[in-house]
Amino acid sequence: MKLPRFLAGSLRNKVVVMALATTVVALLLSALGLVIYDLRAYERQATTDMEAQAEVLARASAPALSFGDPRTADKDLSVMRARPQVLAAALYSPDGKLFATYVKSGADVPAFPPAPAADSHRVADGQLVLFRTVIENGERIGTVHLRATYQPWDRLRDYLIILFAVMLASLALAAVLTTWMQRAAVGPILEVSNLAHKVRETRDYTLRARKTTEDEIGQLVDAFNEMLAEAGRRAEALRLADQRKDEFLATLAHELRNPLAPIRNALEILRLAGSDPEKSLAAREMMQRQLAQMVRLVDDLLDVSRITTGKLAVRKAPLELQAALRDAVEIAKPFLESRRHKFNCVMPEEPIVVEGDRTRLAQVFSNLLNNAAKYTDPGGQVLLSLAREGNDAVVRVRDNGLGLAPESREQIFDMFVQVDRTLERSQAGLGVGLTLARRLVELHEGTIEAQSDGPGRGSEFVVRLPMTYARIADRPGEAQGPRDGPGRRILLADDNVDFAVSLGQLLSARGHDVRITHDGAHALREAEAFRPDVAFVDIGMPEVHGYEVARRMRAAPATARTLLVAVTGWGQENDRQRAREAGFDRHLVKPVDPAEIESILEGR
């Protein structure tokens, strides 16, 4: 329904119109009620007054009526001259005949009735007519008749004038109260409205409306502020999600370039190796390992897609959990060995059987083992244990590595979240492994949680799976590993063993003297002793990252004139700018074209 024009404006106008309209209606209804009440009160008062006069007149005239003395009766009636509202009066004898009369001078009254009526009063032609029986000693001795003026309209006019003055004063007071009400009630609402408009324009969810009362309007302000806070939290969550997406895409590019680099080198080795079966075999094995790494990345990406679309599924069957753990160890063992970790595996001899998907459970536990290896410094300790606790099979993966802050214990299971993004942790993965692990464990009706005593104090991941009492046979798994390379003095520093070794083999085959290191600290020691002509340095390395290696080599007299080449998976413009600022002469993005390396060496 369309509102009238005067109600279609602002809230302030509506409040004014409502307040004044309510006041006017209330005053009119009150005035109407008072007028009706006053008219009735006037009639009662006039009737009561006439009845009292009739009573007095009856008592005064009783002797005259008793003795049949009309002259005395006329004198008694003449007293009515003192009552200007009385227009006429009459006395009737006991037999109903007119006995004595009085008519006010100049009064226009009808003739007296020939006989009295019963005791009553009525209003006729603007006059009050009354009959009253005179009783003396229990005997009816006559009747009093009075006729008086009845004019309520003059009184009503005066009353309406007063009401009009009161109404004007009330409207003025209502206007004042409305103004106050606008500040007290409408003001906060208008402030909320203006603030909502401002938030919509600026997207600043830190703004808050002022709360001035504890009533419903105060509750409205509280609710609005809570809504702003919730919207701010959601906006921040969206911003973080967008940021994580960008970080994920950058990390994905980095992780894909890492295996592509040694594959490209291996292809070049195969081209140069000719009939050397040993070098060809090593190159093919390297390509196979790096291809497996790329397949793992692609599989993780597909699993992420399945998680977000709810299509991730498992094929469960009775399974001896030790078999899935052995598969996981076989998958993670090469990486654990490359990090020189002390690895222990403790499993009971009695079969622990669960309803599970062997491949998916092996994926969960190999993921946890790889994470433990990544976030533990070389030479650390990693423990895998299986035990039965009540009706649950409990798998624990413990390390003495990076550890977790209390607030990170749940965050790390979110998509694309990584504990440590520093350059020293260059192979941190895509940040989807733990998200995938939790979803897979939940599909097995189990739980996974992270525990840690704090940063630098290691961490432990605990997986609980419900046991079953069915039995099933074991099944083997898969594994693999890397290796080797020696001509001009070239230092290769890269924590990707396959890439460093394969590039070293290429350069050695071309007659260069090559030294290979896999962390920044070792690279600095080797540079001081070897004094290379050229150094190919990865950026993300353990212990000391590539930028710091470049700065220190530039500052050392022995390596100040070394040609420094950054070789990395990070290829954004700001990455190139940081490399130049750190002292690098060139910046190559993996996978590196061997021809580009040759052109750098020939141009020196």
# chains A, B, ... in the order shown; residues from 1 in each chain; ligands from 1
call {"tool": "residues_around", "arguments": {"residues": "A:Glu268", "least_positions_apart": "5", "cutoff": "10 Å", "atoms": "only C-alpha atoms", "output": "number ranges by chain"}}
result
A: 262-263, 273, 283, 502-503, 505-506, 593-595
call {"tool": "select_by_dssp", "arguments": {"residues": "stretch 82-221 of chain A", "states": "alpha helix (DSSP H)", "output": "JSON, numbers by chain"}}
result
{"A": [152, 153, 154, 155, 156, 157, 158, 159, 160, 161, 162, 163, 164, 165, 166, 167, 168, 169, 170, 171, 172, 173, 174, 175, 176, 177, 178, 179, 180, 181, 187, 188, 189, 190, 191, 192, 193, 194, 195, 196, 197, 198, 199, 200, 201, 202, 216, 217, 218, 219, 220, 221]}
call {"tool": "closest_residue", "arguments": {"among": "A:Lys75, A:Leu34, A:Trp180, A:Glu136", "to": "A:Tyr159", "atoms": "only C-alpha atoms"}}
result
A:Leu34
call {"tool": "residues_around", "arguments": {"residues": "stretch 344-361 of chain A", "least_positions_apart": "5", "cutoff": "10 Å", "atoms": "only C-alpha atoms", "output": "PDB file with N, CA, C and O atoms, in the first residue's frame"}}
result
ATOM      1  N   ALA A 313      36.252 -39.129  -2.054  1.00  0.00           N
ATOM      2  CA  ALA A 313      35.673 -40.381  -1.547  1.00  0.00           C
ATOM      3  C   ALA A 313      36.780 -41.377  -1.223  1.00  0.00           C
ATOM      4  O   ALA A 313      37.915 -41.240  -1.673  1.00  0.00           O
ATOM      5  N   VAL A 314      36.449 -42.354  -0.407  1.00  0.00           N
ATOM      6  CA  VAL A 314      37.392 -43.427  -0.063  1.00  0.00           C
ATOM      7  C   VAL A 314      36.699 -44.766  -0.306  1.00  0.00           C
ATOM      8  O   VAL A 314      35.476 -44.874  -0.238  1.00  0.00           O
ATOM      9  N   ARG A 315      37.524 -45.779  -0.607  1.00  0.00           N
ATOM     10  CA  ARG A 315      37.005 -47.141  -0.780  1.00  0.00           C
ATOM     11  C   ARG A 315      37.451 -47.952   0.435  1.00  0.00           C
ATOM     12  O   ARG A 315      38.599 -48.388   0.497  1.00  0.00           O
ATOM     13  N   LYS A 316      36.556 -48.144   1.384  1.00  0.00           N
ATOM     14  CA  LYS A 316      36.941 -48.777   2.645  1.00  0.00           C
ATOM     15  C   LYS A 316      36.724 -50.282   2.613  1.00  0.00           C
ATOM     16  O   LYS A 316      35.768 -50.785   2.019  1.00  0.00           O
ATOM     17  N   ALA A 317      37.655 -50.950   3.288  1.00  0.00           N
ATOM     18  CA  ALA A 317      37.575 -52.398   3.468  1.00  0.00           C
ATOM     19  C   ALA A 317      38.399 -52.726   4.711  1.00  0.00           C
ATOM     20  O   ALA A 317      39.233 -51.919   5.147  1.00  0.00           O
ATOM     21  N   PRO A 318      38.163 -53.899   5.327  1.00  0.00           N
ATOM     22  CA  PRO A 318      38.996 -54.263   6.485  1.00  0.00           C
ATOM     23  C   PRO A 318      40.472 -54.238   6.100  1.00  0.00           C
ATOM     24  O   PRO A 318      40.881 -54.827   5.096  1.00  0.00           O
ATOM     25  N   LEU A 319      41.271 -53.525   6.902  1.00  0.00           N
ATOM     26  CA  LEU A 319      42.671 -53.271   6.534  1.00  0.00           C
ATOM     27  C   LEU A 319      43.544 -53.342   7.774  1.00  0.00           C
ATOM     28  O   LEU A 319      43.208 -52.761   8.817  1.00  0.00           O
ATOM     29  N   GLU A 320      44.665 -54.050   7.660  1.00  0.00           N
ATOM     30  CA  GLU A 320      45.654 -54.033   8.736  1.00  0.00           C
ATOM     31  C   GLU A 320      46.406 -52.716   8.634  1.00  0.00           C
ATOM     32  O   GLU A 320      47.092 -52.443   7.648  1.00  0.00           O
ATOM     33  N   LEU A 321      46.259 -51.872   9.653  1.00  0.00           N
ATOM     34  CA  LEU A 321      46.793 -50.509   9.589  1.00  0.00           C
ATOM     35  C   LEU A 321      48.311 -50.505   9.422  1.00  0.00           C
ATOM     36  O   LEU A 321      48.877 -49.573   8.837  1.00  0.00           O
ATOM     37  N   GLN A 322      49.000 -51.520   9.921  1.00  0.00           N
ATOM     38  CA  GLN A 322      50.457 -51.582   9.758  1.00  0.00           C
ATOM     39  C   GLN A 322      50.844 -51.540   8.284  1.00  0.00           C
ATOM     40  O   GLN A 322      51.873 -50.957   7.920  1.00  0.00           O
ATOM     41  N   ALA A 323      50.009 -52.113   7.398  1.00  0.00           N
ATOM     42  CA  ALA A 323      50.328 -52.134   5.970  1.00  0.00           C
ATOM     43  C   ALA A 323      50.316 -50.724   5.397  1.00  0.00           C
ATOM     44  O   ALA A 323      51.215 -50.330   4.638  1.00  0.00           O
ATOM     45  N   ALA A 324      49.291 -49.927   5.756  1.00  0.00           N
ATOM     46  CA  ALA A 324      49.218 -48.550   5.272  1.00  0.00           C
ATOM     47  C   ALA A 324      50.391 -47.735   5.804  1.00  0.00           C
ATOM     48  O   ALA A 324      50.951 -46.877   5.106  1.00  0.00           O
ATOM     49  N   LEU A 325      50.801 -47.999   7.062  1.00  0.00           N
ATOM     50  CA  LEU A 325      51.938 -47.274   7.633  1.00  0.00           C
ATOM     51  C   LEU A 325      53.239 -47.644   6.924  1.00  0.00           C
ATOM     52  O   LEU A 325      54.097 -46.780   6.688  1.00  0.00           O
ATOM     53  N   ARG A 326      53.399 -48.929   6.586  1.00  0.00           N
ATOM     54  CA  ARG A 326      54.610 -49.329   5.851  1.00  0.00           C
ATOM     55  C   ARG A 326      54.660 -48.650   4.479  1.00  0.00           C
ATOM     56  O   ARG A 326      55.712 -48.205   4.030  1.00  0.00           O
ATOM     57  N   ASP A 327      53.491 -48.547   3.819  1.00  0.00           N
ATOM     58  CA  ASP A 327      53.438 -47.832   2.535  1.00  0.00           C
ATOM     59  C   ASP A 327      53.864 -46.377   2.717  1.00  0.00           C
ATOM     60  O   ASP A 327      54.626 -45.829   1.913  1.00  0.00           O
ATOM     61  N   ALA A 328      53.365 -45.750   3.789  1.00  0.00           N
ATOM     62  CA  ALA A 328      53.685 -44.344   4.045  1.00  0.00           C
ATOM     63  C   ALA A 328      55.177 -44.157   4.293  1.00  0.00           C
ATOM     64  O   ALA A 328      55.793 -43.203   3.796  1.00  0.00           O
ATOM     65  N   VAL A 329      55.775 -45.079   5.076  1.00  0.00           N
ATOM     66  CA  VAL A 329      57.215 -44.994   5.365  1.00  0.00           C
ATOM     67  C   VAL A 329      58.011 -45.140   4.071  1.00  0.00           C
ATOM     68  O   VAL A 329      58.984 -44.402   3.828  1.00  0.00           O
ATOM     69  N   SER A 366      51.989 -40.538   5.026  1.00  0.00           N
ATOM     70  CA  SER A 366      53.186 -40.059   4.317  1.00  0.00           C
ATOM     71  C   SER A 366      53.210 -38.530   4.311  1.00  0.00           C
ATOM     72  O   SER A 366      54.276 -37.914   4.415  1.00  0.00           O
ATOM     73  N   ASN A 367      52.034 -37.940   4.241  1.00  0.00           N
ATOM     74  CA  ASN A 367      51.941 -36.477   4.314  1.00  0.00           C
ATOM     75  C   ASN A 367      52.448 -35.972   5.657  1.00  0.00           C
ATOM     76  O   ASN A 367      53.222 -35.008   5.738  1.00  0.00           O
ATOM     77  N   GLN A 381      64.941 -35.539  14.662  1.00  0.00           N
ATOM     78  CA  GLN A 381      64.353 -36.840  15.007  1.00  0.00           C
ATOM     79  C   GLN A 381      62.879 -36.857  14.620  1.00  0.00           C
ATOM     80  O   GLN A 381      62.140 -35.896  14.886  1.00  0.00           O
ATOM     81  N   VAL A 382      62.487 -37.968  13.997  1.00  0.00           N
ATOM     82  CA  VAL A 382      61.093 -38.166  13.618  1.00  0.00           C
ATOM     83  C   VAL A 382      60.672 -39.545  14.106  1.00  0.00           C
ATOM     84  O   VAL A 382      61.373 -40.525  13.860  1.00  0.00           O
ATOM     85  N   LEU A 383      59.533 -39.613  14.807  1.00  0.00           N
ATOM     86  CA  LEU A 383      59.048 -40.877  15.358  1.00  0.00           C
ATOM     87  C   LEU A 383      57.641 -41.146  14.846  1.00  0.00           C
ATOM     88  O   LEU A 383      56.765 -40.274  14.906  1.00  0.00           O
ATOM     89  N   LEU A 384      57.436 -42.367  14.324  1.00  0.00           N
ATOM     90  CA  LEU A 384      56.114 -42.827  13.924  1.00  0.00           C
ATOM     91  C   LEU A 384      55.736 -43.989  14.837  1.00  0.00           C
ATOM     92  O   LEU A 384      56.497 -44.941  14.979  1.00  0.00           O
ATOM     93  N   SER A 385      54.569 -43.907  15.479  1.00  0.00           N
ATOM     94  CA  SER A 385      54.165 -44.985  16.383  1.00  0.00           C
ATOM     95  C   SER A 385      52.699 -45.325  16.163  1.00  0.00           C
ATOM     96  O   SER A 385      51.887 -44.467  15.799  1.00  0.00           O
ATOM     97  N   LEU A 386      52.398 -46.600  16.410  1.00  0.00           N
ATOM     98  CA  LEU A 386      51.017 -47.094  16.326  1.00  0.00           C
ATOM     99  C   LEU A 386      50.711 -47.824  17.624  1.00  0.00           C
ATOM    100  O   LEU A 386      51.521 -48.621  18.100  1.00  0.00           O
ATOM    101  N   ALA A 387      49.546 -47.564  18.184  1.00  0.00           N
ATOM    102  CA  ALA A 387      49.143 -48.243  19.419  1.00  0.00           C
ATOM    103  C   ALA A 387      47.632 -48.370  19.445  1.00  0.00           C
ATOM    104  O   ALA A 387      46.915 -47.666  18.727  1.00  0.00           O
ATOM    105  N   ARG A 388      47.197 -49.290  20.282  1.00  0.00           N
ATOM    106  CA  ARG A 388      45.756 -49.463  20.497  1.00  0.00           C
ATOM    107  C   ARG A 388      45.385 -48.788  21.802  1.00  0.00           C
ATOM    108  O   ARG A 388      45.989 -49.039  22.842  1.00  0.00           O
ATOM    109  N   ASP A 392      40.179 -47.702  19.775  1.00  0.00           N
ATOM    110  CA  ASP A 392      40.757 -46.852  18.728  1.00  0.00           C
ATOM    111  C   ASP A 392      42.173 -47.290  18.393  1.00  0.00           C
ATOM    112  O   ASP A 392      42.938 -47.699  19.272  1.00  0.00           O
ATOM    113  N   ALA A 393      42.515 -47.160  17.103  1.00  0.00           N
ATOM    114  CA  ALA A 393      43.902 -47.271  16.668  1.00  0.00           C
ATOM    115  C   ALA A 393      44.459 -45.856  16.639  1.00  0.00           C
ATOM    116  O   ALA A 393      43.873 -44.962  16.027  1.00  0.00           O
ATOM    117  N   VAL A 394      45.577 -45.627  17.340  1.00  0.00           N
ATOM    118  CA  VAL A 394      46.132 -44.282  17.471  1.00  0.00           C
ATOM    119  C   VAL A 394      47.518 -44.250  16.833  1.00  0.00           C
ATOM    120  O   VAL A 394      48.416 -44.991  17.232  1.00  0.00           O
ATOM    121  N   VAL A 395      47.656 -43.378  15.825  1.00  0.00           N
ATOM    122  CA  VAL A 395      48.935 -43.188  15.131  1.00  0.00           C
ATOM    123  C   VAL A 395      49.468 -41.814  15.520  1.00  0.00           C
ATOM    124  O   VAL A 395      48.749 -40.822  15.445  1.00  0.00           O
ATOM    125  N   ARG A 396      50.754 -41.799  15.949  1.00  0.00           N
ATOM    126  CA  ARG A 396      51.385 -40.533  16.335  1.00  0.00           C
ATOM    127  C   ARG A 396      52.620 -40.306  15.471  1.00  0.00           C
ATOM    128  O   ARG A 396      53.431 -41.214  15.307  1.00  0.00           O
ATOM    129  N   VAL A 397      52.735 -39.087  14.936  1.00  0.00           N
ATOM    130  CA  VAL A 397      53.931 -38.675  14.195  1.00  0.00           C
ATOM    131  C   VAL A 397      54.524 -37.494  14.969  1.00  0.00           C
ATOM    132  O   VAL A 397      53.925 -36.422  15.029  1.00  0.00           O
ATOM    133  N   ARG A 398      55.699 -37.726  15.592  1.00  0.00           N
ATOM    134  CA  ARG A 398      56.316 -36.722  16.455  1.00  0.00           C
ATOM    135  C   ARG A 398      57.664 -36.311  15.891  1.00  0.00           C
ATOM    136  O   ARG A 398      58.384 -37.142  15.322  1.00  0.00           O
ATOM    137  N   LEU A 436      43.782 -31.867   3.365  1.00  0.00           N
ATOM    138  CA  LEU A 436      43.435 -33.138   2.739  1.00  0.00           C
ATOM    139  C   LEU A 436      43.494 -34.279   3.764  1.00  0.00           C
ATOM    140  O   LEU A 436      42.604 -35.136   3.818  1.00  0.00           O
ATOM    141  N   ALA A 437      44.538 -34.277   4.603  1.00  0.00           N
ATOM    142  CA  ALA A 437      44.688 -35.333   5.613  1.00  0.00           C
ATOM    143  C   ALA A 437      43.493 -35.352   6.559  1.00  0.00           C
ATOM    144  O   ALA A 437      42.933 -36.411   6.859  1.00  0.00           O
ATOM    145  N   LEU A 440      40.400 -36.751   4.818  1.00  0.00           N
ATOM    146  CA  LEU A 440      40.494 -38.194   4.621  1.00  0.00           C
ATOM    147  C   LEU A 440      40.272 -38.951   5.931  1.00  0.00           C
ATOM    148  O   LEU A 440      39.598 -39.982   5.966  1.00  0.00           O
ATOM    149  N   VAL A 441      40.848 -38.430   7.011  1.00  0.00           N
ATOM    150  CA  VAL A 441      40.653 -39.074   8.318  1.00  0.00           C
ATOM    151  C   VAL A 441      39.179 -39.011   8.717  1.00  0.00           C
ATOM    152  O   VAL A 441      38.610 -39.988   9.235  1.00  0.00           O
ATOM    153  N   LEU A 443      36.645 -38.944   6.724  1.00  0.00           N
ATOM    154  CA  LEU A 443      35.922 -39.914   5.893  1.00  0.00           C
ATOM    155  C   LEU A 443      36.087 -41.330   6.425  1.00  0.00           C
ATOM    156  O   LEU A 443      35.306 -42.224   6.092  1.00  0.00           O
ATOM    157  N   HIS A 444      37.139 -41.542   7.248  1.00  0.00           N
ATOM    158  CA  HIS A 444      37.332 -42.840   7.914  1.00  0.00           C
ATOM    159  C   HIS A 444      36.733 -42.823   9.319  1.00  0.00           C
ATOM    160  O   HIS A 444      37.042 -43.687  10.144  1.00  0.00           O
ATOM    161  N   GLU A 445      35.903 -41.781   9.608  1.00  0.00           N
ATOM    162  CA  GLU A 445      35.227 -41.629  10.908  1.00  0.00           C
ATOM    163  C   GLU A 445      36.226 -41.485  12.050  1.00  0.00           C
ATOM    164  O   GLU A 445      35.965 -41.901  13.184  1.00  0.00           O
ATOM    165  N   LEU A 465      41.591 -43.690  14.758  1.00  0.00           N
ATOM    166  CA  LEU A 465      40.681 -44.376  13.842  1.00  0.00           C
ATOM    167  C   LEU A 465      39.950 -45.487  14.601  1.00  0.00           C
ATOM    168  O   LEU A 465      40.571 -46.206  15.393  1.00  0.00           O
ATOM    169  N   PRO A 466      38.653 -45.631  14.381  1.00  0.00           N
ATOM    170  CA  PRO A 466      37.923 -46.723  15.057  1.00  0.00           C
ATOM    171  C   PRO A 466      38.369 -48.084  14.517  1.00  0.00           C
ATOM    172  O   PRO A 466      38.542 -48.256  13.308  1.00  0.00           O
ATOM    173  N   MET A 467      38.579 -49.025  15.425  1.00  0.00           N
ATOM    174  CA  MET A 467      39.044 -50.353  15.024  1.00  0.00           C
ATOM    175  C   MET A 467      37.870 -51.248  14.645  1.00  0.00           C
ATOM    176  O   MET A 467      36.731 -51.022  15.036  1.00  0.00           O
ATOM    177  N   THR A 468      38.196 -52.260  13.843  1.00  0.00           N
ATOM    178  CA  THR A 468      37.246 -53.319  13.532  1.00  0.00           C
ATOM    179  C   THR A 468      37.949 -54.641  13.813  1.00  0.00           C
ATOM    180  O   THR A 468      39.171 -54.668  14.022  1.00  0.00           O
ATOM    181  N   TYR A 469      37.205 -55.740  13.837  1.00  0.00           N
ATOM    182  CA  TYR A 469      37.825 -57.017  14.207  1.00  0.00           C
ATOM    183  C   TYR A 469      37.916 -57.986  13.032  1.00  0.00           C
ATOM    184  O   TYR A 469      38.202 -59.155  13.194  1.00  0.00           O
ATOM    185  N   ALA A 470      37.699 -57.480  11.817  1.00  0.00           N
ATOM    186  CA  ALA A 470      37.903 -58.307  10.623  1.00  0.00           C
ATOM    187  C   ALA A 470      39.393 -58.405  10.348  1.00  0.00           C
ATOM    188  O   ALA A 470      40.203 -57.624  10.857  1.00  0.00           O
ATOM    189  N   ARG A 471      39.817 -59.362   9.524  1.00  0.00           N
ATOM    190  CA  ARG A 471      41.235 -59.533   9.186  1.00  0.00           C
ATOM    191  C   ARG A 471      41.388 -59.529   7.676  1.00  0.00           C
ATOM    192  O   ARG A 471      40.515 -59.969   6.948  1.00  0.00           O
ATOM    193  N   ILE A 472      42.551 -59.066   7.216  1.00  0.00           N
ATOM    194  CA  ILE A 472      42.835 -59.045   5.783  1.00  0.00           C
ATOM    195  C   ILE A 472      44.330 -59.107   5.570  1.00  0.00           C
ATOM    196  O   ILE A 472      45.110 -58.684   6.429  1.00  0.00           O
ATOM    197  N   ASP A 474      48.150 -58.455   3.931  1.00  0.00           N
ATOM    198  CA  ASP A 474      49.009 -57.304   3.658  1.00  0.00           C
ATOM    199  C   ASP A 474      49.160 -57.041   2.170  1.00  0.00           C
ATOM    200  O   ASP A 474      48.870 -57.866   1.338  1.00  0.00           O
ATOM    201  N   ARG A 475      49.770 -55.890   1.849  1.00  0.00           N
ATOM    202  CA  ARG A 475      50.090 -55.558   0.471  1.00  0.00           C
ATOM    203  C   ARG A 475      51.315 -54.671   0.436  1.00  0.00           C
ATOM    204  O   ARG A 475      51.437 -53.744   1.228  1.00  0.00           O
ATOM    205  N   GLY A 477      54.292 -51.850  -1.009  1.00  0.00           N
ATOM    206  CA  GLY A 477      54.216 -50.478  -1.539  1.00  0.00           C
ATOM    207  C   GLY A 477      55.307 -50.158  -2.535  1.00  0.00           C
ATOM    208  O   GLY A 477      55.776 -51.013  -3.228  1.00  0.00           O
TER     209      GLY A 477
END
call {"tool": "closest_residue", "arguments": {"among": "A:Asn225, A:Asp498, A:Leu32, A:Val514", "to": "A:Leu291", "atoms": "only C-alpha atoms"}}
result
A:Asp498
call {"tool": "atom_distance", "arguments": {"atom1": "atom CA of A:Asn137", "atom2": "atom CA of A:Val56"}}
result
16.0 Å
call {"tool": "closest_residue", "arguments": {"among": "A:Val25, A:Leu190, A:Arg71, A:Tyr205", "to": "A:Glu230", "atoms": "only C-alpha atoms"}}
result
A:Tyr205
call {"tool": "atom_distance", "arguments": {"atom1": "atom CA of A:Ala111", "atom2": "atom CA of A:Asp76"}}
result
20.1 Å
call {"tool": "atom_distance", "arguments": {"atom1": "atom CA of A:Arg586", "atom2": "atom CA of A:Ala566"}}
result
6.1 Å
call {"tool": "closest_residue", "arguments": {"among": "A:Arg210, A:Arg200, A:Arg561, A:Arg83", "to": "A:Arg147", "atoms": "only C-alpha atoms"}}
result
A:Arg83
call {"tool": "closest_residue", "arguments": {"among": "A:Ala31, A:Ile490, A:Ala579, A:Leu91", "to": "A:Val134", "atoms": "only C-alpha atoms"}}
result
A:Leu91
call {"tool": "closest_residue", "arguments": {"among": "A:His545, A:Arg409, A:Arg208, A:Arg525", "to": "A:Ala229", "atoms": "only C-alpha atoms"}}
result
A:Arg208
call {"tool": "residues_around", "arguments": {"residues": "A:Glu55", "least_positions_apart": "5", "cutoff": "9 Å", "atoms": "only C-alpha atoms", "output": "list in words"}}
result
Met50, Ala60, Arg132, Val134 and Val144 of chain A
call {"tool": "residues_around", "arguments": {"residues": "A:Arg140", "least_positions_apart": "2", "cutoff": "12 Å", "atoms": "only C-alpha atoms", "output": "list of chain:residue names"}}
result
A:Ala58, A:Ala62, A:Leu65, A:Ser66, A:Tyr92, A:Ser93, A:Pro94, A:Asp95, A:Gly96, A:Arg132, A:Thr133, A:Val134, A:Ile135, A:Glu136, A:Asn137, A:Gly138, A:Gly142, A:Thr143, A:Val144
call {"tool": "write_last_selection", "arguments": {"atoms": "N, CA, C and O atoms", "output": "compact mmCIF listing (two decimals), in the first residue's frame"}}
result
# COMPACT_ATOMS: atom_id res chain seq x y z
N ALA A 58 -42.11 23.98 48.37
CA ALA A 58 -43.17 23.11 48.89
C ALA A 58 -43.32 23.27 50.40
O ALA A 58 -44.44 23.34 50.93
N ALA A 62 -46.66 24.92 52.21
CA ALA A 62 -47.51 23.90 52.81
C ALA A 62 -48.64 24.50 53.65
O ALA A 62 -49.82 24.07 53.53
N LEU A 65 -51.36 25.97 51.38
CA LEU A 65 -52.12 24.92 50.71
C LEU A 65 -53.07 24.23 51.70
O LEU A 65 -54.22 23.89 51.36
N SER A 66 -52.58 24.03 52.94
CA SER A 66 -53.40 23.34 53.94
C SER A 66 -54.64 24.15 54.30
O SER A 66 -55.73 23.59 54.51
N TYR A 92 -50.53 23.68 42.81
CA TYR A 92 -51.81 23.02 42.54
C TYR A 92 -52.37 22.50 43.86
O TYR A 92 -51.62 22.01 44.72
N SER A 93 -53.67 22.60 43.99
CA SER A 93 -54.35 22.13 45.20
C SER A 93 -54.39 20.61 45.20
O SER A 93 -54.11 19.99 44.17
N PRO A 94 -54.77 20.02 46.36
CA PRO A 94 -54.79 18.55 46.41
C PRO A 94 -55.71 17.93 45.37
O PRO A 94 -55.47 16.83 44.90
N ASP A 95 -56.77 18.66 44.97
CA ASP A 95 -57.68 18.09 43.98
C ASP A 95 -57.21 18.33 42.55
O ASP A 95 -57.93 18.08 41.58
N GLY A 96 -55.95 18.92 42.34
CA GLY A 96 -55.34 19.08 41.04
C GLY A 96 -55.70 20.36 40.32
O GLY A 96 -55.39 20.52 39.13
N ARG A 132 -43.41 18.56 41.35
CA ARG A 132 -43.01 17.94 42.62
C ARG A 132 -44.20 17.94 43.57
O ARG A 132 -44.82 18.99 43.82
N THR A 133 -44.59 16.78 44.09
CA THR A 133 -45.72 16.66 45.02
C THR A 133 -45.32 17.21 46.38
O THR A 133 -44.21 16.94 46.85
N VAL A 134 -46.27 17.94 47.03
CA VAL A 134 -46.04 18.49 48.37
C VAL A 134 -46.71 17.54 49.36
O VAL A 134 -47.92 17.29 49.28
N ILE A 135 -45.92 17.01 50.28
CA ILE A 135 -46.41 16.06 51.28
C ILE A 135 -46.27 16.71 52.65
O ILE A 135 -45.21 17.23 52.98
N GLU A 136 -47.30 16.63 53.44
CA GLU A 136 -47.27 17.18 54.80
C GLU A 136 -47.89 16.14 55.72
O GLU A 136 -49.08 15.77 55.55
N ASN A 137 -47.15 15.71 56.72
CA ASN A 137 -47.59 14.69 57.68
C ASN A 137 -48.11 13.44 56.97
O ASN A 137 -49.12 12.87 57.34
N GLY A 138 -47.40 13.08 55.94
CA GLY A 138 -47.74 11.86 55.21
C GLY A 138 -48.94 12.01 54.31
O GLY A 138 -49.40 11.03 53.71
N GLY A 142 -50.74 18.98 47.80
CA GLY A 142 -50.66 19.79 46.57
C GLY A 142 -49.46 19.38 45.73
O GLY A 142 -48.75 18.42 46.02
N THR A 143 -49.22 20.22 44.66
CA THR A 143 -48.10 19.96 43.74
C THR A 143 -47.42 21.27 43.38
O THR A 143 -48.12 22.29 43.15
N VAL A 144 -46.06 21.26 43.32
CA VAL A 144 -45.28 22.43 42.90
C VAL A 144 -44.86 22.21 41.45
O VAL A 144 -44.41 21.13 41.07
call {"tool": "residues_around", "arguments": {"residues": "A:Val129", "least_positions_apart": "5", "cutoff": "12 Å", "atoms": "only C-alpha atoms", "output": "short mmCIF file (atom, residue, chain, number, x, y, z; two decimals) with C-alpha atoms, in the first residue's frame"}}
result
data_model
loop_
_atom_site.label_atom_id
_atom_site.label_comp_id
_atom_site.auth_asym_id
_atom_site.auth_seq_id
_atom_site.Cartn_x
_atom_site.Cartn_y
_atom_site.Cartn_z
CA GLU A 43 -28.31 18.86 33.23
CA ALA A 46 -29.81 22.22 36.90
CA THR A 47 -32.27 19.45 37.78
CA MET A 50 -34.66 23.00 40.64
CA GLU A 51 -35.58 20.02 42.82
CA ALA A 54 -39.18 22.93 44.58
CA GLN A 85 -33.31 31.35 35.99
CA VAL A 86 -36.85 30.51 37.20
CA LEU A 87 -39.29 31.68 34.50
CA ALA A 88 -42.54 30.49 36.08
CA ALA A 89 -43.87 28.69 39.11
CA ALA A 90 -47.28 27.31 40.13
CA VAL A 109 -43.69 30.86 28.77
CA PRO A 110 -46.58 28.68 27.67
CA PHE A 112 -49.73 26.46 32.87
CA PRO A 113 -51.12 22.98 32.50
CA PRO A 116 -50.35 18.68 37.49
CA ALA A 117 -48.27 15.83 36.07
CA ALA A 118 -46.62 13.12 38.09
CA ASP A 119 -43.30 13.91 39.81
CA SER A 120 -40.82 14.35 36.94
CA HIS A 121 -38.51 16.68 35.09
CA ARG A 122 -37.91 17.21 31.39
CA VAL A 123 -36.26 19.66 28.99
CA ALA A 124 -38.51 21.23 26.37
CA VAL A 144 -45.28 22.43 42.90
CA HIS A 145 -44.61 23.22 39.25
CA LEU A 146 -41.38 25.07 38.14
CA ARG A 147 -40.20 26.17 34.70
CA ALA A 148 -36.58 27.45 34.45
CA THR A 149 -34.17 28.41 31.67
CA TYR A 150 -31.95 25.60 30.33
#
